Amino acid sequence: MQELPRSYEPSTIEAELFKSWDEAGYFDRSAAGFANEALDPYTVVIPPPNVTGVLHMGHALNNTLQDILVRIARMKGQPTRWIVGTDHAGIATQNKVEQKLTEEGLTRFDLGRKAFVEACWDWRQSYGSVIIEQLKAMGCSCDYAHEQFTMDPDYARAIRKVFVDWYNAGLIYRGHRIINWCPRCTTALADDEVEHHEECGSLWYLRYPLSEPVDGVEYLVVATTRPETMLGDTGVAVNPNDEQYKALLDSGATILLPLMEREIPLFADEYVDPDFGTGAVKVTPAHDPNDFAMGERHDLEQINIFDEHAVLTSAAGRFAGLTREQAREAVVRNMEELGLLERVEEHQHAVGHCYRCDTTIEPWLSEQWFVAMKELAAPALEAVRSGAVRFYPRRWENTYFHWMEHIRDWCISRQLWWGHRIPVFYCSSCGWVGASEHDLILCPVCNGRLEQDEDVLDTWFSSQLWPFATQGWPAQPGWEEELAAYYPTQVLSTARDIIFLWVARMVLSSLYFVEDVPFNDVLIHPTVLDRFGNIMSKSRGNGVDPLELIASYGADGMRFGLALQVTGNQDMKFNEDKLLGSRNFATKIWNAARYVLMHIEGLRFAPGRIEPEPATEADRWILSRLAGLTRSLNDPETRYDFGAHARRLQRFFWNEFCDWYIEISKGQLTREALRQSTAQNLVFVLDQALRLLHPYMPFITEKIWQSIPHGDTRPSLMVAAWPDDKALAAYLHPDAERRLSLLLDVVATVRSVRARYGISPKQPLAVVVRTAGESAASHAESLSSLSLMLTQLGNLASFTAGEDADRPDNASVTVTDELEIFVELEGLVDFAVERERLSKEQEKLEADRARLESKLSNQGFLSKAAPEIVEKTRTDAAEMADALSRIAAQLESLPR
RNA sequence: GCGCGAUUAGCUCAGGGGGAGAGCACUACCUUGACACGGUAGGGGUCGCUGGUUCAAAUCCAGCAUCGCGCACCA
């Protein structure tokens, strides 16, 4: 037990507490021996942040939620491990290191592959742990002692095995295809890594002259959004059923491609939509996936006019050397000069951009590696259909299904240097090609020298293994036992934008290699938008730095404020007010704890856990409320309803414990007979509340808990027992709750009267309550027994309650369903004001009553509504009628 | 085009068939020995629109409108 400083300064306690948890070993699965090995383990893998990453709001939210779940499990005694680590993030990291080189006037080619990769490792050494440190600042209770990295040697082994197994199973193949190419990153991208934005572009109508006029027709018109690609055209297609081109098709006409003076065929293909543009499509097999497909069907030449930077090559003749933007301008100008530009229309269309650098993607023909997905997708689809993997909220399962059902092969090769190099070896002598888990030097066939594939694997190829590769698969000692005990993991919490990129692929690869799902629950948290509803991004500059928020509100304030905003919705407009409110809440908790400490000074507690001792109605009430809170927080159905739980916690602590129980305790503590029991109840409720709050606000709760005499033998709240709703259920007490609400009504009424008449809280008032209705007698008795408490809370000069209590002269009158509350005002009372207020109340009540009565006179209602509803309506209406008559009587008897 | 989400107090959002809620903001009063990052009392809403189901709809269903997010794209 120790003193708490007068004011709460988060920054003065957070780092120190974190260090103490770390040193005590609580982040380990054994929680320094406090975990109960007999219970189900709880394992979570963090979505590995990029090594280049700095904490953003998405991380702050996601890791708050994971930490809440992990801390609850740990307090329940489950062997808990939150696996943490970083992702090597191929493109992102390579970009960072290249950027640094550029500043030094170098390119990666100046360094060469080996030195460049070393530079990446150096970079990782220097900056790669930034985000891990930030997680610590948030208070995240990850297993930092076993930090993982997707480029670790053990991880690399897993990658190798996956690649080789799939290669040998024929699931990985090499192909010459149109892929998405980023000319800035100079690498291929998977379909999912391309972001489509709607852009306002143009549709150019170009005249393509026929080689020979047909029946006086000299040209046809094609429409295109990318005129520059015409330099690579090797055909023009129309729909076979399109009447307007029938004659041309039948005549076997060919086209003389302008600017290139190349003769290209006119052909028919079902793909062409006769109603779009002119119904004639220029076909560029090397630069458009659809054209590529048509080219394959019609055996067209593929002319690649772009190099890897999307600069025109010699295949573009005199346009060689231009960028694609310059080429567009030049082509359009040239066509116009030739009189071949018919018209230009505005045209809205989606354009693909690199998800890493936002450069416009170029569909580009190249040799790449692919994973055949269809076969792999089937069990992954089934895993979610069967419920083995369940999404929260459930609707995201549709997104997953749609992707899995329309899955396309996955381009996994990247033309980068930083990453897992593709383990395929080529023999230049005999042409042998093979994949190997170990580096090969000599050809197994001809003993010739082997060359390894130059490309590296997509970063998502490695992160798909995260849940099992981080637990030792496939070669670390004891991995089978590890997975048998701790796999699948319990929950994966992440943002919706990586459901395809990551979540789906983890399911798919885990089912293949570990023959089990990687996790049972997938929690898709809302996306944090700025306060105007825009997505937060670097380019918009509207991001909020979680570390600044921690500085302003404390880690606890930030966490609680974020948790409060979590709903089942897809978005969350970031509301900083909630963080301010949460910091204030933390201060409230702090001060409540200081109050408790202050008032138990000099008291002695029996050894062991402090037990509650319900001696008064208020004691029974607060314990009942605590029991109810604990029950609702432990409901497994609502385990991911963070916002609802946070609100309940705040309501209980602030509005019930602080506003009422602490206030009531002030009176109880002055009575010798109640002093000890009240103190015990204060400590007990505070202790239990701190436990329930700890997962949300780990620092302040720990700090306070270690300062109060809870009597628990555990040295830290982090490993103290989570409140047991079944044990607390013994304290549920509906009658006490009902009686306290009567008292609360009376107190609120007295305060309201004071405010209305400007009477100081310091001036004691005499109050008389007349009880009414069926429970009049017991209510009168309850209130009488609570009179000490009432007197203290309302600062009353006297209090009497009874079924037949008389209204004093000169009293303000308030009528409730079950009470008539008279507050004596000794000449101050303004009866005109009282009458007006009562009349207003009467009006409102009469309207309500009329509505209920109309229900009760409705045959349909009486015969079809649930009996208990009818009964309730009846008693409510009766109560209202009764209250109305009492109001009428009061109005009648009030002096004029 | 297909799918999904949102629309409730000035703002941010809960709620989810049976008497409209919270926080912030606003107004008034209160520096009371836990807390002014506080307390008390107030004001403020025909729950987007139109239909339907139902004894009963803010709540369920359909359509519409507006905003937003995916996916797929016809060059």
# chains A, B, ... in the order shown; residues from 1 in each chain; ligands from 1
call {"tool": "interface_residues", "arguments": {"of": "chain A", "to": "chain B", "cutoff": "6 Å", "atoms": "only C-alpha atoms (C1' of nucleotides)", "output": "ChimeraX atom specification"}}
result
/A:224,276,281,584,588,591-592,594-595,752,755,860-861,864
call {"tool": "write_last_selection", "arguments": {"atoms": "C-alpha atoms", "output": "CSV table (one decimal), in the first residue's frame"}}
result
chain,number,residue,atom,x,y,z
A,224,THR,CA,-9.3,3.8,-77.3
A,276,PHE,CA,-19.3,0.2,-77.1
A,281,VAL,CA,-11.4,-2.6,-81.1
A,584,ASN,CA,-10.7,12.5,-18.0
A,588,LYS,CA,-11.6,10.1,-12.4
A,591,ASN,CA,-9.1,10.3,-7.9
A,592,ALA,CA,-11.6,7.7,-6.9
A,594,ARG,CA,-7.2,8.4,-3.9
A,595,TYR,CA,-10.5,8.8,-2.1
A,752,SER,CA,-33.8,19.7,-9.0
A,755,ALA,CA,-31.7,24.3,-8.7
A,860,GLY,CA,-56.0,-7.1,-31.6
A,861,PHE,CA,-53.5,-6.0,-29.0
A,864,LYS,CA,-52.2,-11.1,-30.0
call {"tool": "select_by_dssp", "arguments": {"residues": "segment 80-270 of chain A", "states": "strand (DSSP E)", "output": "number ranges by chain"}}
result
A: 80-83, 85-86, 148-149, 172-182, 187-189, 194-214, 217-224, 235-238, 254-257, 262-268
call {"tool": "residues_around", "arguments": {"residues": "A57 of chain B", "least_positions_apart": "6", "cutoff": "12 Å", "atoms": "only C-alpha atoms (C1' of nucleotides)", "output": "PyMOL selection string"}}
result
chain B and resi 16-18+47
call {"tool": "closest_residue", "arguments": {"among": "A:Glu325, A:Glu195, A:Glu342, A:Asp291", "to": "Val222 of chain A", "atoms": "only C-alpha atoms"}}
result
A:Glu342
call {"tool": "residues_around", "arguments": {"residues": "segment 710-723 of chain A", "least_positions_apart": "4", "cutoff": "6 Å", "atoms": "only C-alpha atoms (C1' of nucleotides)", "output": "PDB file with N, CA and C atoms, in the first residue's frame"}}
result
ATOM      1  N   MET A  75      -5.361 -12.923 -17.658  1.00  0.00           N
ATOM      2  CA  MET A  75      -5.917 -12.791 -16.304  1.00  0.00           C
ATOM      3  C   MET A  75      -6.801 -13.987 -15.954  1.00  0.00           C
ATOM      4  N   LYS A  76      -7.395 -14.582 -16.974  1.00  0.00           N
ATOM      5  CA  LYS A  76      -8.190 -15.785 -16.712  1.00  0.00           C
ATOM      6  C   LYS A  76      -7.293 -16.969 -16.379  1.00  0.00           C
ATOM      7  N   GLY A 608      -5.322 -11.965   3.649  1.00  0.00           N
ATOM      8  CA  GLY A 608      -5.930 -12.601   2.483  1.00  0.00           C
ATOM      9  C   GLY A 608      -6.783 -11.621   1.709  1.00  0.00           C
ATOM     10  N   ARG A 609      -7.449 -12.169   0.705  1.00  0.00           N
ATOM     11  CA  ARG A 609      -8.289 -11.347  -0.155  1.00  0.00           C
ATOM     12  C   ARG A 609      -9.337 -10.599   0.645  1.00  0.00           C
ATOM     13  N   ILE A 610      -9.556  -9.355   0.321  1.00  0.00           N
ATOM     14  CA  ILE A 610     -10.578  -8.583   1.008  1.00  0.00           C
ATOM     15  C   ILE A 610     -11.947  -8.958   0.462  1.00  0.00           C
ATOM     16  N   GLU A 702      -2.933  -0.800 -13.176  1.00  0.00           N
ATOM     17  CA  GLU A 702      -1.829  -1.483 -12.484  1.00  0.00           C
ATOM     18  C   GLU A 702      -1.258  -0.602 -11.387  1.00  0.00           C
TER      19      GLU A 702
END
